[in-house]
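J.: Below is the file model_34.txt, which contains compact mmCIF, C-alpha atoms and all ligand atoms.
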```txt
# COMPACT_ATOMS: atom_id res chain seq x y z
CA MET A 1 3.49 32.22 5.10
CA THR A 2 6.64 31.03 6.79
CA GLU A 3 9.00 28.67 5.05
CA ARG A 4 9.66 25.30 6.64
CA THR A 5 13.38 26.00 6.78
CA LEU A 6 13.95 23.97 9.94
CA ASP A 7 13.06 20.66 8.30
CA LYS A 8 15.97 18.69 6.97
CA ILE A 9 15.74 17.01 3.58
CA ASP A 10 14.41 13.44 3.65
CA ILE A 11 17.35 11.84 1.87
CA LYS A 12 15.71 8.44 1.28
CA SER A 13 12.91 10.07 -0.73
CA LEU A 14 15.30 11.58 -3.30
CA SER A 15 15.84 10.04 -6.72
CA LEU A 16 19.43 9.31 -7.71
CA SER A 17 19.56 12.41 -9.91
CA GLU A 18 18.07 14.61 -7.16
CA LEU A 19 20.61 13.23 -4.69
CA THR A 20 23.43 13.83 -7.17
CA GLU A 21 22.37 17.47 -7.55
CA GLU A 22 21.93 17.84 -3.80
CA LEU A 23 25.43 16.62 -3.01
CA LYS A 24 26.96 18.60 -5.83
CA GLY A 25 25.40 21.73 -4.34
CA ARG A 26 27.20 20.93 -1.09
CA GLY A 27 30.54 20.47 -2.82
CA GLU A 28 30.64 16.65 -2.66
CA LYS A 29 31.85 14.47 -5.52
CA PRO A 30 29.11 13.08 -7.81
CA PHE A 31 30.13 9.41 -7.36
CA ARG A 32 29.23 9.69 -3.68
CA ALA A 33 25.57 10.00 -4.64
CA ARG A 34 25.42 6.53 -6.21
CA GLN A 35 27.33 5.06 -3.29
CA ILE A 36 24.96 6.54 -0.70
CA TYR A 37 21.89 5.73 -2.83
CA GLN A 38 22.87 2.09 -3.03
CA TRP A 39 23.51 1.91 0.71
CA MET A 40 19.97 3.21 1.28
CA HIS A 41 18.02 1.39 -1.40
CA ARG A 42 19.93 -1.79 -2.10
CA ARG A 43 22.18 -2.56 0.83
CA GLY A 44 19.62 -1.91 3.57
CA ALA A 45 21.62 0.56 5.67
CA ARG A 46 19.63 1.62 8.75
CA GLY A 47 21.62 4.83 9.17
CA PHE A 48 24.65 6.75 7.92
CA ASP A 49 26.95 5.01 10.41
CA GLU A 50 26.57 1.74 8.51
CA MET A 51 28.01 3.35 5.38
CA THR A 52 31.49 2.20 6.27
CA ASP A 53 33.18 3.18 3.03
CA LEU A 54 32.42 6.86 3.69
CA SER A 55 34.75 8.89 5.84
CA ARG A 56 33.73 9.61 9.42
CA ASP A 57 33.74 13.28 8.53
CA LEU A 58 31.32 12.85 5.61
CA ARG A 59 28.98 10.69 7.70
CA LYS A 60 28.90 13.43 10.32
CA LYS A 61 28.02 16.01 7.70
CA LEU A 62 25.30 13.81 6.19
CA LYS A 63 23.70 13.53 9.63
CA GLU A 64 23.67 17.28 9.95
CA TRP A 65 22.21 17.84 6.51
CA TYR A 66 19.62 15.07 6.17
CA ASP A 67 16.89 13.11 7.86
CA TYR A 68 17.31 9.36 7.50
CA THR A 69 14.04 7.41 7.57
CA ALA A 70 14.34 4.07 9.37
CA VAL A 71 11.14 2.60 10.80
CA GLN A 72 11.39 0.88 14.19
CA THR A 73 9.72 -2.48 14.83
CA VAL A 74 7.21 -2.20 17.69
CA ARG A 75 5.52 -5.54 17.33
CA MET A 76 5.48 -8.62 15.13
CA GLN A 77 2.83 -11.32 14.93
CA GLN A 78 3.23 -14.55 13.00
CA SER A 79 0.33 -16.66 11.84
CA ARG A 80 0.46 -20.30 12.93
CA ILE A 81 -1.79 -21.16 10.01
CA ASP A 82 0.19 -19.88 7.04
CA GLY A 83 3.34 -18.12 8.30
CA THR A 84 2.03 -14.66 7.37
CA ARG A 85 3.71 -11.99 9.49
CA LYS A 86 2.25 -8.71 10.47
CA PHE A 87 4.49 -5.85 11.56
CA LEU A 88 3.72 -2.73 13.51
CA PHE A 89 6.30 -0.03 12.80
CA ALA A 90 6.91 3.29 14.55
CA LEU A 91 7.77 6.35 12.47
CA ALA A 92 10.09 9.14 13.61
CA ASP A 93 7.17 11.23 14.90
CA GLY A 94 5.75 8.35 16.94
CA ASN A 95 2.96 7.45 14.53
CA LEU A 96 2.39 3.74 13.93
CA VAL A 97 1.81 1.89 10.66
CA GLU A 98 1.10 -1.73 9.78
CA SER A 99 2.63 -3.87 7.05
CA VAL A 100 2.11 -7.53 6.19
CA TRP A 101 4.51 -10.14 4.78
CA MET A 102 3.01 -13.08 2.93
CA ARG A 103 4.73 -16.07 1.38
CA TYR A 104 3.26 -17.29 -1.88
CA LYS A 105 4.40 -19.93 -4.36
CA HIS A 106 5.49 -17.20 -6.76
CA GLY A 107 7.51 -15.28 -4.17
CA ASN A 108 7.20 -13.12 -1.09
CA SER A 109 4.75 -10.28 -1.07
CA VAL A 110 4.67 -7.22 1.18
CA CYS A 111 1.50 -5.23 1.77
CA ILE A 112 2.29 -1.67 2.84
CA SER A 113 0.39 1.28 4.28
CA SER A 114 0.30 4.55 2.35
CA GLN A 115 -1.12 6.88 5.04
CA VAL A 116 -1.41 7.07 8.83
CA GLY A 117 -5.15 6.46 9.11
CA CYS A 118 -7.52 7.18 6.23
CA ARG A 119 -10.29 9.65 5.45
CA MET A 120 -12.31 7.55 3.02
CA GLY A 121 -14.68 6.24 5.69
CA CYS A 122 -15.55 2.79 4.24
CA SER A 123 -18.00 1.30 6.68
CA PHE A 124 -16.39 -2.15 7.00
CA CYS A 125 -12.78 -0.96 7.42
CA ALA A 126 -10.89 -0.52 10.70
CA SER A 127 -8.22 1.80 9.22
CA THR A 128 -10.58 4.72 8.82
CA LEU A 129 -12.19 4.73 12.26
CA ASN A 130 -10.08 7.63 13.54
CA GLY A 131 -9.77 9.47 10.24
CA LEU A 132 -6.58 10.57 8.50
CA GLU A 133 -3.55 11.60 10.51
CA ARG A 134 -1.09 12.28 7.68
CA ASN A 135 0.37 11.04 4.42
CA LEU A 136 3.39 8.75 4.45
CA THR A 137 6.47 10.03 2.64
CA PRO A 138 8.05 7.98 -0.17
CA SER A 139 10.82 6.89 2.21
CA GLU A 140 8.31 5.76 4.85
CA MET A 141 6.54 3.59 2.28
CA LEU A 142 9.85 2.16 1.02
CA ASP A 143 11.26 1.52 4.44
CA GLN A 144 8.38 -0.78 5.41
CA ILE A 145 9.64 -3.04 2.61
CA TYR A 146 13.33 -2.63 3.40
CA ALA A 147 12.77 -3.35 7.10
CA ILE A 148 10.76 -6.48 6.32
CA GLY A 149 13.43 -7.70 3.89
CA LEU A 150 16.01 -7.41 6.69
CA LEU A 151 13.78 -8.90 9.40
CA THR A 152 12.78 -11.94 7.33
CA GLY A 153 16.14 -12.31 5.61
CA GLU A 154 14.25 -13.05 2.39
CA ARG A 155 13.86 -11.31 -0.92
CA VAL A 156 10.68 -9.35 -1.51
CA SER A 157 9.37 -9.84 -5.05
CA ASN A 158 5.86 -8.35 -4.94
CA VAL A 159 4.52 -5.19 -3.34
CA VAL A 160 0.86 -4.39 -2.85
CA VAL A 161 -0.27 -0.97 -1.64
CA MET A 162 -3.31 -2.33 0.15
CA GLY A 163 -2.63 -1.59 3.78
CA THR A 164 -3.95 1.39 5.70
CA GLY A 165 -4.68 4.50 3.67
CA GLU A 166 -5.93 5.49 0.23
CA PRO A 167 -2.84 5.56 -2.01
CA LEU A 168 -4.39 7.84 -4.62
CA ASP A 169 -5.20 10.35 -1.86
CA ASN A 170 -1.38 10.58 -1.47
CA TYR A 171 -0.75 10.73 -5.20
CA ASP A 172 2.55 12.58 -5.57
CA TYR A 173 4.35 10.65 -2.84
CA LEU A 174 2.92 7.38 -4.16
CA LEU A 175 4.37 8.07 -7.59
CA LYS A 176 7.79 8.93 -6.16
CA PHE A 177 7.63 5.75 -4.09
CA ILE A 178 6.84 3.59 -7.15
CA ARG A 179 9.67 5.14 -9.13
CA LEU A 180 12.19 4.53 -6.32
CA LEU A 181 10.94 0.99 -5.70
CA THR A 182 11.27 0.01 -9.34
CA ASP A 183 14.53 1.91 -10.00
CA GLU A 184 17.38 -0.25 -11.27
CA ASN A 185 19.77 1.22 -8.71
CA GLY A 186 17.48 0.27 -5.84
CA LEU A 187 15.43 -2.83 -5.03
CA HIS A 188 14.49 -2.92 -8.73
CA ILE A 189 11.10 -4.55 -8.31
CA SER A 190 9.37 -4.97 -11.65
CA GLN A 191 6.43 -2.60 -12.19
CA ARG A 192 4.34 -5.65 -13.05
CA ASN A 193 4.89 -6.92 -9.53
CA VAL A 194 3.44 -3.79 -7.93
CA THR A 195 -0.30 -3.45 -7.24
CA VAL A 196 -2.03 -0.28 -6.14
CA SER A 197 -5.51 -0.60 -4.68
CA THR A 198 -7.93 2.33 -4.72
CA CYS A 199 -11.42 2.96 -3.44
CA GLY A 200 -12.02 4.74 -6.76
CA LEU A 201 -10.80 8.36 -6.89
CA VAL A 202 -11.69 9.02 -10.52
CA PRO A 203 -9.48 12.06 -11.32
CA GLN A 204 -6.39 10.38 -9.85
CA MET A 205 -7.15 7.11 -11.69
CA ARG A 206 -7.11 9.09 -14.94
CA ARG A 207 -3.92 10.86 -13.98
CA LEU A 208 -2.30 7.54 -13.12
CA ALA A 209 -3.37 6.15 -16.52
CA GLU A 210 -1.38 8.92 -18.16
CA GLU A 211 1.80 7.90 -16.34
CA ARG A 212 1.61 4.69 -18.40
CA LEU A 213 3.13 2.56 -15.69
CA GLN A 214 2.95 -1.22 -15.97
CA ILE A 215 1.65 -1.67 -12.43
CA THR A 216 -1.63 -3.41 -11.63
CA LEU A 217 -4.50 -1.20 -10.57
CA ALA A 218 -7.06 -2.80 -8.27
CA LEU A 219 -10.40 -1.10 -7.78
CA SER A 220 -12.28 -1.72 -4.55
CA LEU A 221 -15.75 -2.00 -6.01
CA HIS A 222 -17.63 -3.98 -3.34
CA ALA A 223 -21.05 -3.34 -4.90
CA ALA A 224 -22.52 -3.38 -8.38
CA THR A 225 -25.14 -0.64 -7.94
CA ASP A 226 -24.65 2.95 -6.81
CA GLU A 227 -27.25 2.52 -4.02
CA LYS A 228 -25.47 -0.43 -2.41
CA ARG A 229 -22.03 1.07 -2.96
CA GLN A 230 -23.11 4.26 -1.21
CA LEU A 231 -24.17 2.22 1.83
CA LEU A 232 -20.68 0.75 2.12
CA MET A 233 -18.42 3.54 0.85
CA PRO A 234 -18.91 7.31 1.21
CA VAL A 235 -16.69 7.87 -1.87
CA ALA A 236 -19.51 6.35 -3.96
CA ARG A 237 -21.48 9.54 -3.38
CA ARG A 238 -18.77 11.47 -5.19
CA TYR A 239 -18.23 9.16 -8.18
CA SER A 240 -20.84 6.93 -9.77
CA ILE A 241 -20.12 3.40 -10.96
CA GLY A 242 -20.62 4.71 -14.50
CA GLU A 243 -17.82 7.27 -14.02
CA LEU A 244 -15.63 4.61 -12.44
CA MET A 245 -16.08 2.25 -15.37
CA GLU A 246 -15.17 5.03 -17.79
CA ALA A 247 -12.01 5.73 -15.81
CA CYS A 248 -11.20 1.99 -15.84
CA GLY A 249 -11.63 1.93 -19.62
CA TYR A 250 -9.29 4.90 -19.95
CA TYR A 251 -6.71 3.22 -17.70
CA PHE A 252 -6.87 0.02 -19.74
CA ARG A 253 -6.52 1.83 -23.05
CA GLN A 254 -3.61 3.96 -21.85
CA THR A 255 -1.63 1.18 -20.19
CA GLY A 256 -2.83 -2.08 -21.71
CA ARG A 257 -3.09 -3.43 -18.16
CA ARG A 258 -6.18 -5.29 -17.01
CA ILE A 259 -7.80 -3.96 -13.90
CA THR A 260 -8.73 -6.11 -10.92
CA PHE A 261 -12.03 -5.58 -9.13
CA GLU A 262 -11.95 -6.27 -5.44
CA TYR A 263 -15.24 -7.27 -3.94
CA SER A 264 -15.61 -7.88 -0.20
CA LEU A 265 -18.55 -10.18 0.40
CA VAL A 266 -20.69 -8.95 3.26
CA GLY A 267 -23.39 -11.38 4.43
CA GLY A 268 -26.88 -10.22 3.44
CA VAL A 269 -25.60 -6.95 1.94
CA ASN A 270 -23.93 -7.56 -1.44
CA ASP A 271 -23.86 -11.33 -1.93
CA THR A 272 -27.04 -12.19 -3.86
CA ASP A 273 -27.28 -13.84 -7.27
CA GLU A 274 -28.44 -10.53 -8.72
CA ASP A 275 -25.35 -8.79 -7.29
CA ALA A 276 -23.16 -11.43 -8.96
CA ALA A 277 -24.91 -11.03 -12.33
CA ARG A 278 -24.48 -7.24 -12.21
CA LEU A 279 -20.84 -7.52 -11.17
CA ALA A 280 -20.17 -9.95 -14.03
CA ALA A 281 -21.70 -7.47 -16.47
CA LEU A 282 -19.51 -4.63 -15.14
CA ALA A 283 -16.34 -6.71 -15.45
CA ALA A 284 -17.09 -8.10 -18.92
CA PRO A 285 -16.27 -5.19 -21.28
CA LEU A 286 -12.70 -4.76 -19.97
CA GLY A 287 -12.09 -8.38 -19.03
CA CYS A 288 -11.47 -7.39 -15.43
CA HIS A 289 -10.29 -10.02 -13.01
CA ILE A 290 -12.49 -10.30 -9.90
CA ASN A 291 -11.00 -10.92 -6.48
CA LEU A 292 -13.57 -11.89 -3.86
CA ILE A 293 -12.71 -11.15 -0.22
CA PRO A 294 -14.87 -12.65 2.51
CA VAL A 295 -15.32 -9.56 4.71
CA ASN A 296 -13.06 -9.66 7.73
CA PRO A 297 -15.28 -8.79 10.69
CA VAL A 298 -14.06 -5.69 12.54
CA ARG A 299 -14.99 -5.40 16.21
CA GLU A 300 -16.36 -1.88 15.80
CA ARG A 301 -18.73 -2.90 12.98
CA ASN A 302 -21.70 -5.22 12.68
CA TYR A 303 -20.88 -6.83 9.37
CA VAL A 304 -20.72 -10.60 9.03
CA GLN A 305 -19.11 -12.78 6.40
CA SER A 306 -21.22 -14.39 3.75
CA ASP A 307 -21.57 -18.11 4.53
CA ALA A 308 -19.50 -20.61 2.57
CA ALA A 309 -22.42 -21.69 0.39
CA SER A 310 -23.22 -18.11 -0.65
CA ILE A 311 -19.56 -17.42 -1.46
CA ARG A 312 -19.41 -20.54 -3.64
CA ALA A 313 -22.68 -19.68 -5.37
CA PHE A 314 -21.47 -16.11 -5.99
CA LYS A 315 -18.23 -17.36 -7.52
CA ASN A 316 -20.05 -19.94 -9.64
CA ARG A 317 -22.38 -17.34 -11.02
CA LEU A 318 -19.48 -15.08 -12.05
CA GLU A 319 -17.73 -18.02 -13.71
CA LYS A 320 -20.89 -19.09 -15.49
CA ASP A 321 -20.93 -15.60 -17.00
CA GLY A 322 -17.38 -16.15 -18.20
CA ARG A 323 -15.52 -14.05 -15.62
CA ASN A 324 -12.10 -14.73 -14.19
CA VAL A 325 -12.48 -15.03 -10.39
CA THR A 326 -10.34 -15.80 -7.38
CA ILE A 327 -11.29 -15.91 -3.74
CA ARG A 328 -8.62 -14.19 -1.69
CA ARG A 329 -6.96 -16.68 0.59
CA GLU A 330 -7.50 -15.40 4.05
CA MET A 331 -3.92 -14.98 5.11
CA GLY A 332 -3.25 -14.46 8.78
CA ARG A 333 -6.83 -14.61 10.04
CA ASP A 334 -5.46 -15.47 13.47
CA ILE A 335 -3.31 -12.30 13.68
CA ASP A 336 -5.62 -9.32 13.25
CA GLY A 337 -5.31 -9.68 9.47
CA ALA A 338 -7.78 -6.97 8.47
CA CYS A 339 -6.50 -3.49 7.70
CA GLY A 340 -5.83 -1.36 10.72
CA GLN A 341 -6.66 -3.95 13.35
CA LEU A 342 -3.21 -4.55 14.81
CA ARG A 343 -2.60 -0.83 15.23
CA ARG A 344 -5.95 -0.38 16.97
CA ARG A 345 -5.34 -3.30 19.30
CA HIS A 346 -1.90 -1.98 20.20
CA GLN A 347 -3.27 1.49 20.94
CA ASP A 348 -6.09 0.04 23.03
CA GLU A 349 -3.62 -1.93 25.10
CA LEU A 350 -1.43 1.11 25.64
CA ASN A 351 -4.50 2.98 26.83
CA GLY A 352 -4.97 0.25 29.41
CA GLY A 353 -8.13 -1.00 27.75
CA MET A 354 -7.72 -4.70 27.11
CA GLU A 355 -11.47 -5.08 26.74
CA ARG A 356 -11.34 -5.40 23.01
CA ALA A 357 -8.60 -8.04 23.00
N1 LIG A 401 -7.80 2.43 0.19
C1 LIG A 401 -7.47 1.38 -0.72
C2 LIG A 401 -6.50 0.35 -0.17
C3 LIG A 401 -6.64 -0.12 1.23
S1 LIG A 401 -7.77 -1.37 1.66
C4 LIG A 401 -8.72 0.72 -1.24
O1 LIG A 401 -9.81 1.10 -0.82
O2 LIG A 401 -8.63 -0.13 -2.11
C5 LIG A 401 -7.41 -2.83 0.80
C6 LIG A 401 -8.67 -3.65 0.50
O3 LIG A 401 -9.20 -4.27 1.68
C7 LIG A 401 -9.80 -2.80 -0.07
O4 LIG A 401 -10.44 -3.50 -1.10
C8 LIG A 401 -10.70 -2.64 1.13
O5 LIG A 401 -11.99 -2.28 0.76
C9 LIG A 401 -10.59 -4.00 1.77
N2 LIG A 401 -11.00 -4.08 3.17
C10 LIG A 401 -10.86 -3.17 4.15
N3 LIG A 401 -11.37 -3.62 5.31
C11 LIG A 401 -11.84 -4.85 5.06
C12 LIG A 401 -12.49 -5.84 5.84
N4 LIG A 401 -12.76 -5.63 7.13
N5 LIG A 401 -12.84 -6.99 5.24
C13 LIG A 401 -12.55 -7.21 3.93
N6 LIG A 401 -11.95 -6.32 3.14
C14 LIG A 401 -11.60 -5.15 3.68
```
Starting from the file, lay out its structure as structure tokens.
T.:
Amino acid sequence: MTERTLDKIDIKSLSLSELTEELKGRGEKPFRARQIYQWMHRRGARGFDEMTDLSRDLRKKLKEWYDYTAVQTVRMQQSRIDGTRKFLFALADGNLVESVWMRYKHGNSVCISSQVGCRMGCSFCASTLNGLERNLTPSEMLDQIYAIGLLTGERVSNVVVMGTGEPLDNYDYLLKFIRLLTDENGLHISQRNVTVSTCGLVPQMRRLAEERLQITLALSLHAATDEKRQLLMPVARRYSIGELMEACGYYFRQTGRRITFEYSLVGGVNDTDEDAARLAALAAPLGCHINLIPVNPVRERNYVQSDAASIRAFKNRLEKDGRNVTIRREMGRDIDGACGQLRRRHQDELNGGMERA
């Protein structure tokens, strides 16, 4: 096997101690590490040239030694309904990723992508239609947030990893990303303000439990029986709901954090009274919060939203059984809000095919 010696180190993915060691090995003074780290993670530098308190000579050397991740904005859409903004960013290799900025009463939230594409194959999701291209690096996840902070001029207080990709399918980079994001020398976002959403990769959920982070874990359940879940999500053939619930119990016991169940309501598929009763029973033992999402119709799929009366009845049934339920506000419905849709539209237009638009 050949070593990948040609690749430069991705400096924005290094922890402060790794960067300190790195620079020491190159004969630079240790205090430089903190200075450069803060330029990258706190002061929003888009490249070494902005680090004006470093000598020209050092900046030149840094450029030779390291890759500096800075995503480029390709497109921005703003919702006229609620001000939600959706960004399409280009990575250094030309791949595109989507991120969303939402303004809530409790602060601004950014939803980031964790992979280019996805290999989980959920049947209602646009992100997975072309499969997985590659994992995002820690710096590429972070820089979606940094770029949005600069573009909006506002502080980001919450981060949700709910964009394109399955975060637990990119486990090691996800963990590095969370540690950088919550580091006191960087953006210093509280772990409690970070949510990771998974389609339910049981071994990684257990591994994550053992990290004992204070983040919120959201499980995309979407069905309360294995049969229905298998219709919607191929991953349900690998892990049963029983195994998932055991992993949720383990997570709760290890971290003390309540898990959220996400449940996309698909008209005529998973929105009956019986579905609600079963879901309530699954959520009860661990006191899981339930977040209902009216399915966002994707052009390539035939699914329809449950009608308003069914959604209300579903919510009422869960509440009657004592469950804690919210219906996700549909932010940015007018701007290709559902995962992966802006990227697909952009690619279609580049290919000259406006037919989908
Ligand atoms: N892979 C992760 C995170 C990405 S998706 C996961 O599966 O949780 C974020 C959430 O949006 C998931 O609950 C996903 O199932 C849901 N989702 C994807 N496409 C959707 C659509 N068209 N309508 C409603 N929810 C959707």
J.: Could you give me, as JSON, numbers by chain, every polymer residue with an atom at most 9 Å away from an atom of ligand LIG 401 (chain A), counting all atoms listed in the file?
T.: {"A": [113, 114, 118, 120, 122, 123, 124, 125, 126, 127, 161, 162, 163, 164, 165, 166, 167, 168, 169, 196, 197, 198, 199, 200, 218, 219, 220, 221, 222, 233, 261, 262, 263, 264, 265, 266, 293, 294, 295, 296, 297, 298, 301, 303, 305, 337, 338, 339, 340, 341]}
J.: Each residue of region 238-343 of chain A lying at most 9 Å from region 209-215 of chain A should get a row with its shortest atom-to-atom pair and the distance in Å to one decimal, counting only C-alpha atoms; could you produce that, ordered by chain and increasing number, as a Markdown table?
T.:
```
| residue | atom | partner | partner_atom | distance |
| --- | --- | --- | --- | --- |
| A:Ala247 | CA | A:Ala209 | CA | 8.7 |
| A:Cys248 | CA | A:Ala209 | CA | 8.9 |
| A:Tyr250 | CA | A:Ala209 | CA | 7.0 |
| A:Tyr251 | CA | A:Ala209 | CA | 4.6 |
| A:Phe252 | CA | A:Ala209 | CA | 7.8 |
| A:Arg253 | CA | A:Ala209 | CA | 8.4 |
| A:Gln254 | CA | A:Ala209 | CA | 5.8 |
| A:Thr255 | CA | A:Arg212 | CA | 5.1 |
| A:Gly256 | CA | A:Gln214 | CA | 8.2 |
| A:Arg257 | CA | A:Gln214 | CA | 6.8 |
```
J.: Using 9 Å as the limit and counting only C-alpha atoms, can you tabulate each residue of region 108-193 of chain A that touches region 27-48 of chain A, with its shortest atom-to-atom distance in Å and the two atoms involved, as JSON lines?
T.:
```
{"residue": "A:Leu142", "atom": "CA", "partner": "A:His41", "partner_atom": "CA", "distance": 8.6}
{"residue": "A:Asp143", "atom": "CA", "partner": "A:His41", "partner_atom": "CA", "distance": 8.9}
{"residue": "A:Tyr146", "atom": "CA", "partner": "A:Gly44", "partner_atom": "CA", "distance": 6.3}
{"residue": "A:Ala147", "atom": "CA", "partner": "A:Gly44", "partner_atom": "CA", "distance": 7.8}
{"residue": "A:Gly149", "atom": "CA", "partner": "A:Gly44", "partner_atom": "CA", "distance": 8.5}
{"residue": "A:Leu150", "atom": "CA", "partner": "A:Gly44", "partner_atom": "CA", "distance": 7.3}
{"residue": "A:Leu180", "atom": "CA", "partner": "A:His41", "partner_atom": "CA", "distance": 8.2}
{"residue": "A:Leu181", "atom": "CA", "partner": "A:His41", "partner_atom": "CA", "distance": 8.3}
{"residue": "A:Asn185", "atom": "CA", "partner": "A:Gln38", "partner_atom": "CA", "distance": 6.5}
{"residue": "A:Gly186", "atom": "CA", "partner": "A:His41", "partner_atom": "CA", "distance": 4.6}
{"residue": "A:Leu187", "atom": "CA", "partner": "A:Arg42", "partner_atom": "CA", "distance": 5.5}
{"residue": "A:His188", "atom": "CA", "partner": "A:Arg42", "partner_atom": "CA", "distance": 8.7}
```
J.: Find the distance between CA of Phe89 (chain A) and CA of Gln204 (chain A) and write it in Å to one decimal.
T.: 28.0 Å
J.: Taking only C-alpha atoms into account, name the residue in A:Lys12, A:Arg206, A:Arg155, A:Arg323 that is nearest to Gly287 (chain A).
T.: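 Result for the nearest residue to Gly287 (chain A): A:Arg323.
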